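Heads up, input-v2.cif below (mmCIF, C-alpha atoms and all ligand atoms):
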```cif
data_input
#
loop_
_atom_site.label_atom_id
_atom_site.label_comp_id
_atom_site.auth_asym_id
_atom_site.auth_seq_id
_atom_site.Cartn_x
_atom_site.Cartn_y
_atom_site.Cartn_z
CA MET J 1 3.38 8.30 -15.45
CA ALA J 2 4.80 4.83 -15.08
CA ASP J 3 4.90 2.68 -18.17
CA ALA J 4 2.19 0.19 -17.29
CA GLY J 5 3.37 -2.39 -19.86
CA GLY J 6 1.09 -4.76 -21.75
CA PRO J 7 -1.06 -7.49 -20.18
CA GLY J 8 1.09 -9.95 -18.27
CA HIS J 9 4.11 -7.68 -18.27
CA ALA J 10 5.48 -6.00 -15.18
CA PRO J 11 5.41 -2.21 -15.49
CA GLY J 12 8.67 -0.37 -16.10
CA PHE J 13 8.81 1.34 -12.71
CA GLY J 14 11.72 3.75 -12.31
CA PRO J 15 13.47 3.87 -8.90
CA GLY J 16 11.70 7.11 -7.88
CA PHE J 17 8.19 5.84 -8.60
CA ALA J 18 6.40 5.02 -5.32
CA PRO J 19 3.44 2.82 -6.29
CA ALA J 20 0.39 2.26 -4.12
CA LYS J 21 0.67 -0.95 -2.09
CA VAL J 22 -2.44 -3.12 -1.90
CA ASN J 23 -2.85 -5.90 0.67
CA LEU J 24 -4.91 -8.40 -1.35
CA THR J 25 -5.08 -10.45 1.87
CA LEU J 26 -4.02 -9.58 5.42
CA HIS J 27 -4.11 -12.28 8.08
CA VAL J 28 -3.05 -11.25 11.60
CA THR J 29 -1.57 -14.41 13.06
CA ALA J 30 -0.01 -13.40 16.42
CA GLN J 31 1.10 -10.54 18.63
CA ARG J 32 4.79 -10.29 19.56
CA ALA J 33 6.04 -9.46 23.05
CA ASP J 34 6.87 -5.91 21.87
CA GLY J 35 3.21 -5.38 20.86
CA LEU J 36 3.68 -5.54 17.07
CA HIS J 37 1.56 -8.03 15.15
CA GLU J 38 2.74 -10.91 12.95
CA LEU J 39 1.13 -10.94 9.54
CA ASP J 40 0.64 -13.23 6.59
CA SER J 41 -0.26 -10.99 3.65
CA LEU J 42 -0.36 -11.16 -0.13
CA VAL J 43 0.78 -7.74 -1.35
CA ALA J 44 0.59 -6.28 -4.86
CA PHE J 45 1.46 -2.90 -6.35
CA ALA J 46 -0.53 -0.52 -8.55
CA ASP J 47 0.49 1.43 -11.63
CA ILE J 48 -0.46 4.65 -9.83
CA GLY J 49 1.66 6.25 -7.14
CA ASP J 50 3.80 9.13 -5.88
CA ARG J 51 6.90 10.40 -7.68
CA LEU J 52 10.12 11.13 -5.84
CA GLU J 53 13.21 12.81 -7.29
CA LEU J 54 16.56 13.86 -5.91
CA ALA J 55 16.81 17.67 -5.93
CA ALA J 56 19.87 19.84 -6.43
CA ALA J 57 21.95 20.57 -3.32
CA GLY J 58 20.99 23.84 -1.67
CA ARG J 59 17.26 23.35 -2.31
CA PRO J 60 14.91 22.81 0.69
CA LEU J 61 15.45 19.30 2.06
CA LEU J 62 11.98 18.23 0.94
CA SER J 63 9.38 19.97 -1.24
CA VAL J 64 5.99 18.29 -1.42
CA THR J 65 3.75 19.03 -4.42
CA GLY J 66 0.93 17.30 -6.30
CA PRO J 67 -2.83 16.79 -5.84
CA MET J 68 -2.49 14.97 -2.48
CA ALA J 69 0.22 17.19 -0.91
CA GLU J 70 -2.07 18.85 1.63
CA GLY J 71 -1.25 17.81 5.20
CA VAL J 72 1.79 15.70 4.26
CA PRO J 73 4.71 16.71 6.55
CA PHE J 74 7.75 18.23 4.82
CA ASP J 75 9.96 18.25 7.92
CA GLU J 76 12.12 15.42 9.37
CA SER J 77 8.96 13.48 10.28
CA ASN J 78 8.45 12.69 6.58
CA LEU J 79 9.44 9.07 6.02
CA VAL J 80 11.56 10.05 3.00
CA LEU J 81 13.91 12.11 5.17
CA ARG J 82 13.90 9.49 7.93
CA ALA J 83 14.86 6.89 5.34
CA ALA J 84 17.78 9.03 4.08
CA GLU J 85 19.01 9.54 7.64
CA TRP J 86 18.70 5.81 8.37
CA MET J 87 20.81 5.07 5.29
CA GLY J 88 23.43 7.63 6.41
CA GLU J 89 23.00 9.77 3.28
CA SER J 90 22.22 13.48 3.02
CA ALA J 91 20.05 14.51 0.12
CA ALA J 92 17.29 16.92 -0.95
CA PHE J 93 14.10 15.60 -2.58
CA THR J 94 10.99 16.70 -4.41
CA LEU J 95 7.94 14.54 -3.71
CA GLU J 96 4.84 14.66 -5.93
CA LYS J 97 1.96 13.17 -3.89
CA HIS J 98 -0.80 11.38 -5.76
CA LEU J 99 -1.79 8.86 -3.04
CA PRO J 100 -3.95 9.83 -0.05
CA ALA J 101 -2.03 9.68 3.27
CA ALA J 102 -2.91 7.39 6.18
CA ALA J 103 -4.97 5.36 3.72
CA GLY J 104 -3.72 1.76 4.03
CA ILE J 105 -1.94 1.87 0.66
CA GLY J 106 1.51 2.49 2.05
CA GLY J 107 2.01 6.05 0.84
CA GLY J 108 4.72 6.97 3.32
CA SER J 109 6.35 3.52 3.19
CA SER J 110 6.42 3.49 -0.61
CA ASP J 111 7.90 7.03 -0.65
CA ALA J 112 10.57 5.93 1.86
CA ALA J 113 11.39 2.88 -0.28
CA ALA J 114 11.69 5.09 -3.38
CA GLY J 115 14.09 7.33 -1.45
CA LEU J 116 16.21 4.33 -0.47
CA ARG J 117 16.29 3.07 -4.09
CA LEU J 118 17.36 6.52 -5.38
CA LEU J 119 20.09 6.81 -2.73
CA ALA J 120 21.31 3.28 -3.43
CA GLU J 121 21.55 4.15 -7.12
CA ARG J 122 23.38 7.43 -6.39
CA SER J 123 25.85 5.95 -3.91
CA GLY J 124 26.36 2.57 -5.61
CA ARG J 125 25.70 1.02 -2.18
CA PRO J 126 22.81 -1.46 -1.76
CA VAL J 127 20.02 -0.66 0.69
CA PRO J 128 21.08 -2.25 4.01
CA PRO J 129 18.82 -4.93 5.55
CA GLY J 130 16.52 -3.93 8.42
CA SER J 131 14.46 -1.21 6.70
CA GLU J 132 11.36 -2.42 8.59
CA VAL J 133 12.48 -0.16 11.46
CA LEU J 134 11.25 2.72 9.27
CA GLY J 135 7.82 1.12 8.86
CA ALA J 136 6.54 -2.44 8.52
CA ASP J 137 5.70 -1.91 4.83
CA VAL J 138 9.06 -0.47 3.73
CA PRO J 139 10.79 -3.81 2.87
CA VAL J 140 7.97 -4.97 0.58
CA CYS J 141 7.76 -1.50 -1.00
CA LEU J 142 11.48 -1.76 -1.86
CA HIS J 143 10.58 -4.65 -4.19
CA ALA J 144 7.35 -3.05 -5.49
CA ARG J 145 6.08 -6.32 -6.98
CA ALA J 146 3.73 -9.07 -5.80
CA MET J 147 5.05 -10.68 -2.62
CA ARG J 148 3.97 -12.83 0.28
CA MET J 149 4.85 -10.85 3.42
CA ARG J 150 5.27 -12.46 6.83
CA GLY J 151 6.72 -11.52 10.23
CA ILE J 152 5.94 -7.82 10.77
CA GLY J 153 6.80 -7.26 7.10
CA GLU J 154 10.45 -8.36 6.89
CA ARG J 155 9.94 -11.96 5.63
CA LEU J 156 9.27 -11.74 1.90
CA ALA J 157 8.83 -14.22 -0.92
CA PRO J 158 7.91 -13.37 -4.53
CA VAL J 159 4.55 -14.59 -5.84
CA ASN J 160 3.46 -14.92 -9.47
CA LEU J 161 0.11 -13.27 -10.05
CA PRO J 162 -1.70 -12.39 -13.26
CA VAL J 163 -2.09 -8.63 -13.75
CA LEU J 164 -5.25 -7.76 -11.80
CA PRO J 165 -7.54 -4.95 -13.04
CA ALA J 166 -8.70 -3.07 -9.92
CA LEU J 167 -10.54 -0.06 -8.60
CA LEU J 168 -9.14 1.67 -5.48
CA VAL J 169 -11.58 3.78 -3.45
CA ASN J 170 -10.84 5.91 -0.39
CA PRO J 171 -13.67 7.78 1.36
CA ARG J 172 -11.19 10.48 2.50
CA VAL J 173 -11.19 9.47 6.13
CA ALA J 174 -7.70 9.02 7.63
CA VAL J 175 -7.46 5.83 9.71
CA PRO J 176 -4.49 5.51 12.16
CA THR J 177 -2.83 2.08 11.74
CA GLY J 178 -2.01 1.62 15.46
CA ALA J 179 -5.62 2.20 16.54
CA VAL J 180 -6.91 -0.40 14.05
CA PHE J 181 -4.50 -3.10 15.31
CA ALA J 182 -5.44 -2.17 18.90
CA GLY J 183 -9.12 -2.76 18.08
CA LEU J 184 -8.64 -6.41 17.06
CA SER J 185 -10.81 -8.66 19.25
CA SER J 186 -8.44 -11.59 18.68
CA LYS J 187 -4.75 -11.43 17.81
CA THR J 188 -4.44 -15.00 16.53
CA HIS J 189 -6.09 -15.89 13.24
CA PRO J 190 -5.10 -18.71 10.88
CA PRO J 191 -2.42 -17.91 8.25
CA MET J 192 -2.96 -18.33 4.50
CA PRO J 193 -2.43 -21.85 3.10
CA GLU J 194 1.29 -22.76 3.13
CA VAL J 195 1.45 -22.94 -0.68
CA ILE J 196 0.07 -20.17 -2.88
CA PRO J 197 -0.80 -21.86 -6.20
CA GLU J 198 0.28 -20.70 -9.65
CA PHE J 199 -2.73 -19.03 -11.29
CA ASP J 200 -3.52 -19.24 -15.00
CA ALA J 201 -6.12 -16.51 -15.16
CA VAL J 202 -7.51 -13.54 -13.25
CA ARG J 203 -10.62 -15.52 -12.19
CA ASP J 204 -8.49 -18.30 -10.62
CA ALA J 205 -6.39 -15.81 -8.68
CA VAL J 206 -9.42 -13.83 -7.49
CA GLY J 207 -11.25 -17.03 -6.50
CA TRP J 208 -8.33 -18.00 -4.28
CA ILE J 209 -7.92 -14.47 -2.85
CA ALA J 210 -11.67 -14.40 -2.07
CA ARG J 211 -11.22 -17.40 0.25
CA GLN J 212 -8.66 -15.41 2.32
CA ARG J 213 -9.35 -12.38 4.54
CA ASN J 214 -8.31 -8.98 5.80
CA ASP J 215 -8.54 -9.38 9.58
CA LEU J 216 -8.27 -5.61 10.06
CA GLU J 217 -11.57 -4.91 8.24
CA ALA J 218 -13.80 -5.30 11.31
CA PRO J 219 -11.80 -3.02 13.67
CA ALA J 220 -11.31 -0.45 10.88
CA ILE J 221 -15.09 -0.34 10.24
CA GLU J 222 -15.61 0.20 14.00
CA ILE J 223 -13.39 3.30 13.79
CA ALA J 224 -14.65 4.52 10.40
CA PRO J 225 -18.10 3.05 9.57
CA VAL J 226 -18.00 4.63 6.09
CA ILE J 227 -15.60 1.80 5.12
CA GLY J 228 -18.62 -0.53 5.34
CA GLU J 229 -20.44 1.68 2.83
CA VAL J 230 -17.42 1.66 0.49
CA LEU J 231 -17.30 -2.17 0.59
CA ASP J 232 -21.05 -2.45 -0.03
CA ARG J 233 -20.85 -0.13 -3.04
CA LEU J 234 -17.81 -1.93 -4.51
CA ALA J 235 -19.38 -5.38 -4.11
CA VAL J 236 -22.36 -4.54 -6.36
CA LEU J 237 -20.43 -2.82 -9.18
CA PRO J 238 -20.96 -4.55 -12.54
CA GLY J 239 -18.16 -7.08 -13.06
CA ALA J 240 -16.74 -6.81 -9.51
CA LEU J 241 -15.37 -10.24 -8.54
CA LEU J 242 -14.29 -9.27 -5.01
CA ALA J 243 -14.39 -6.23 -2.69
CA ARG J 244 -12.00 -5.92 0.24
CA MET J 245 -10.11 -3.36 2.37
CA SER J 246 -6.34 -2.83 1.98
CA GLY J 247 -3.98 -2.64 4.98
CA SER J 248 -5.52 -0.86 7.95
CA GLY J 249 -7.90 1.11 5.68
CA ALA J 250 -9.69 3.14 4.78
CA THR J 251 -8.86 2.41 1.10
CA CYS J 252 -10.79 -0.54 -0.32
CA PHE J 253 -10.43 -2.26 -3.67
CA ALA J 254 -12.54 -4.23 -6.11
CA LEU J 255 -11.04 -6.69 -8.60
CA PHE J 256 -12.31 -7.17 -12.17
CA GLU J 257 -11.58 -9.43 -15.10
CA GLY J 258 -11.00 -6.52 -17.49
CA VAL J 259 -9.54 -3.00 -17.36
CA ASP J 260 -12.63 -1.56 -19.09
CA GLN J 261 -14.87 -2.84 -16.29
CA ALA J 262 -12.57 -1.21 -13.71
CA LYS J 263 -12.68 2.09 -15.62
CA ALA J 264 -16.49 1.97 -15.88
CA ALA J 265 -16.63 1.27 -12.13
CA GLU J 266 -14.39 4.29 -11.47
CA ARG J 267 -16.85 6.49 -13.41
CA ALA J 268 -19.81 5.06 -11.49
CA ILE J 269 -18.23 5.64 -8.06
CA ARG J 270 -17.08 9.16 -9.01
CA ALA J 271 -20.62 10.03 -10.12
CA ALA J 272 -22.21 8.61 -6.95
CA ARG J 273 -19.59 9.86 -4.47
CA PRO J 274 -17.60 12.75 -6.00
CA ALA J 275 -15.82 13.50 -2.70
CA TRP J 276 -14.24 10.02 -2.57
CA TRP J 277 -10.86 9.22 -4.15
CA SER J 278 -11.52 6.62 -6.82
CA VAL J 279 -8.93 5.31 -9.32
CA ALA J 280 -8.95 2.42 -11.77
CA THR J 281 -5.56 0.72 -11.94
CA ARG J 282 -3.80 -2.58 -12.58
CA LEU J 283 -2.08 -4.52 -9.84
CA PHE J 284 1.23 -6.30 -10.42
C1 LIG F 301 -1.17 -2.82 8.11
C2 LIG F 301 0.01 -2.80 7.14
O1 LIG F 301 -0.11 -1.71 6.26
C3 LIG F 301 -0.03 -4.08 6.33
O2 LIG F 301 0.76 -4.01 5.17
C4 LIG F 301 1.32 -2.68 7.86
O3 LIG F 301 1.51 -3.75 8.74
C5 LIG F 301 1.44 -1.36 8.61
O4 LIG F 301 2.63 -0.81 8.20
P1 LIG F 301 3.04 0.70 8.52
O5 LIG F 301 1.94 1.66 8.14
O6 LIG F 301 4.40 0.87 7.92
O7 LIG F 301 3.02 0.67 10.05
P2 LIG F 301 4.09 1.17 11.08
O8 LIG F 301 4.33 2.63 10.87
O9 LIG F 301 5.24 0.23 11.09
O10 LIG F 301 3.23 0.95 12.43
C6 LIG F 301 2.22 1.82 12.89
C7 LIG F 301 1.61 1.18 14.14
O11 LIG F 301 0.78 0.06 13.77
C8 LIG F 301 0.91 -1.02 14.69
N1 LIG F 301 1.48 -2.20 13.99
C9 LIG F 301 2.05 -2.06 12.76
C10 LIG F 301 2.54 -3.16 12.10
C11 LIG F 301 2.44 -4.43 12.73
N2 LIG F 301 2.89 -5.52 12.10
N3 LIG F 301 1.88 -4.54 13.93
C12 LIG F 301 1.38 -3.45 14.57
O12 LIG F 301 0.86 -3.57 15.68
C13 LIG F 301 1.82 -0.51 15.79
O13 LIG F 301 1.01 0.05 16.80
C14 LIG F 301 2.63 0.58 15.09
O14 LIG F 301 3.12 1.54 15.98
N1 LIG F 302 5.88 10.62 2.60
C1 LIG F 302 4.76 10.62 3.34
N2 LIG F 302 3.55 10.56 2.74
C2 LIG F 302 2.43 10.52 3.47
N3 LIG F 302 2.40 10.57 4.82
C3 LIG F 302 3.59 10.62 5.46
C4 LIG F 302 4.81 10.63 4.75
N4 LIG F 302 5.81 10.65 5.65
C5 LIG F 302 5.24 10.65 6.86
N5 LIG F 302 3.90 10.65 6.78
C6 LIG F 302 2.97 10.59 7.93
O1 LIG F 302 2.59 9.21 8.05
C7 LIG F 302 1.19 9.07 8.34
C8 LIG F 302 0.69 7.75 7.70
O2 LIG F 302 0.67 7.91 6.30
P1 LIG F 302 0.88 6.71 5.26
O3 LIG F 302 0.37 7.25 3.96
O4 LIG F 302 2.26 6.21 5.31
O5 LIG F 302 -0.11 5.64 5.89
P2 LIG F 302 -0.76 4.33 5.33
O6 LIG F 302 -1.04 4.50 3.86
O7 LIG F 302 -1.92 3.99 6.20
O8 LIG F 302 0.35 3.26 5.49
P3 LIG F 302 0.21 1.68 5.57
O9 LIG F 302 -0.56 1.21 4.40
O10 LIG F 302 1.65 1.33 5.48
O11 LIG F 302 -0.46 1.39 6.87
C9 LIG F 302 0.56 10.33 7.76
O12 LIG F 302 -0.53 10.73 8.53
C10 LIG F 302 1.68 11.37 7.76
O13 LIG F 302 1.58 12.26 8.86
#
```

What would you get if you wrote out this structure as structure tokens?
Amino acid sequence: MADAGGPGHAPGFGPGFAPAKVNLTLHVTAQRADGLHELDSLVAFADIGDRLELAAAGRPLLSVTGPMAEGVPFDESNLVLRAAEWMGESAAFTLEKHLPAAAGIGGGSSDAAAGLRLLAERSGRPVPPGSEVLGADVPVCLHARAMRMRGIGERLAPVNLPVLPALLVNPRVAVPTGAVFAGLSSKTHPPMPEVIPEFDAVRDAVGWIARQRNDLEAPAIEIAPVIGEVLDRLAVLPGALLARMSGSGATCFALFEGVDQAKAAERAIRAARPAWWSVATRLF
């Protein structure tokens, strides 16, 4: 497990830890000529995630284990191996999956970023620029800390956020990112305010985040209506300050003032919907 640190302290993530990425906001501001969409998104990272390690030479190129391994490719289509090839390095890996795939929390992108960090450490060579060709979320996942993300994901600026107690819930429906973007009725929505303020407390940060949006929520709910049920259930949990979808879904999150409220909410959702993936965490 990652060392989650005390309140207000960034967790001591090792290079092979691939934390869940959460889009606290996701504004779709334009569509480029090549079809990709320009975003303005506030991204944070959880203290739960996948674990990637370099394996001894001669082992299979990639072994995938862990509670969420089922269905994750272990051939060259896995983003970890594509990342190694892109960096011009050959390596074998073991990947312990804890995050659901195709879930809007950047599983593959965060794994790829962990692979790049491990290879950079091994080779003494920094990760080259341009990693967004592997996936729009890979550059932000390389930093694995709160960032404002613009362009298709390559324009990044650090943001100071208080540690946010959260509950992540996925109804175990895989939602394809491309189909959600394609379902947008408009491609041009307003960006976030130019300046993101400094926040003193969780309530200030959540109040500001609540005035922003995830523009992909509506098309994702069209594809997977159960996301609407997840959001409705999260919104009425005791202590929930905000309920919203992350990325292109289907994972949604609720934010709380305290970790104990998030843990109680996890127990309540697990009791009501045992088939859903539900995890209390802290976002950094
Ligand atoms: C929705 C986000 O998760 C927000 O953080 C990301 O923008 C998506 O990142 P990702 O999963 O790494 O997505 P990619 O693998 O790069 O793209 C999958 C597909 O989503 C669509 N796509 C993705 C990113 C983007 N800015 N515009 C798009 O239109 C494209 O059809 C693309 O072929
Ligand atoms: N390391 C990996 N882990 C999970 N899925 C992977 C991985 N490498 C490739 N894939 C493929 O990528 C697809 C998308 O999975 P991923 O978990 O990256 O999506 P996501 O969480 O929706 O991403 P994002 O939040 O960036 O939109 C999966 O269906 C799977 O076939």

| query | Hey, which residues come within 9 Å of ligand LIG 301 (chain F) if we count all atoms listed in the file? Could you give them as JSON, numbers by chain? | reply | {"J": [21, 22, 23, 26, 28, 31, 32, 34, 35, 36, 37, 38, 39, 41, 42, 43, 102, 103, 104, 105, 106, 107, 108, 109, 132, 133, 134, 135, 136, 137, 138, 140, 149, 151, 152, 153, 176, 177, 178, 179, 180, 181, 182, 216, 246, 247, 248, 249]}

| field | Exercise: Arg59 (chain J) partners within 10 Å, all atoms listed in the file, chain neighbours under 4 positions left out, as a PyMOL selection string | value | chain J and resi 55+63+91-94

| In terms of the shortest atom-to-atom distance over all atoms listed in the file, which of J:Val127, J:Leu116, J:Leu79, J:Leu242 is closest to Gln212 (chain J)? | J:Leu242

| query | What gap, in Å, lies between CA of Gly49 (chain J) and CA of Ala112 (chain J)? | reply | 12.7 Å

Compile the contact shell of Pro225 (chain J) as a compact mmCIF listing (two decimals) with C-alpha atoms, in the coordinates of the input: residues with an atom at most 12 Å away, counting only C-alpha atoms, same-chain residues fewer than 4 positions apart removed.
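So out_19.txt came out as:
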```txt
# COMPACT_ATOMS: atom_id res chain seq x y z
CA PRO J 171 -13.67 7.78 1.36
CA VAL J 173 -11.19 9.47 6.13
CA VAL J 175 -7.46 5.83 9.71
CA GLU J 217 -11.57 -4.91 8.24
CA ALA J 218 -13.80 -5.30 11.31
CA PRO J 219 -11.80 -3.02 13.67
CA ALA J 220 -11.31 -0.45 10.88
CA ILE J 221 -15.09 -0.34 10.24
CA GLU J 229 -20.44 1.68 2.83
CA VAL J 230 -17.42 1.66 0.49
CA LEU J 231 -17.30 -2.17 0.59
CA ASP J 232 -21.05 -2.45 -0.03
CA GLY J 249 -7.90 1.11 5.68
CA ALA J 250 -9.69 3.14 4.78
```

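Between CA of Pro162 (chain J) and CA of Glu53 (chain J) the separation is 29.9 Å.
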
| request: Just give me the gap between CA of Val195 (chain J) and CA of Trp208 (chain J) in Å, one decimal is fine. | output: 11.5 Å

| task | Point out the residue among J:Thr251, J:Ser131, J:Thr188, J:Ser90 with the least atom-to-atom distance to ligand LIG 302 (chain F), counting only C-alpha atoms and all ligand atoms. | result | J:Thr251
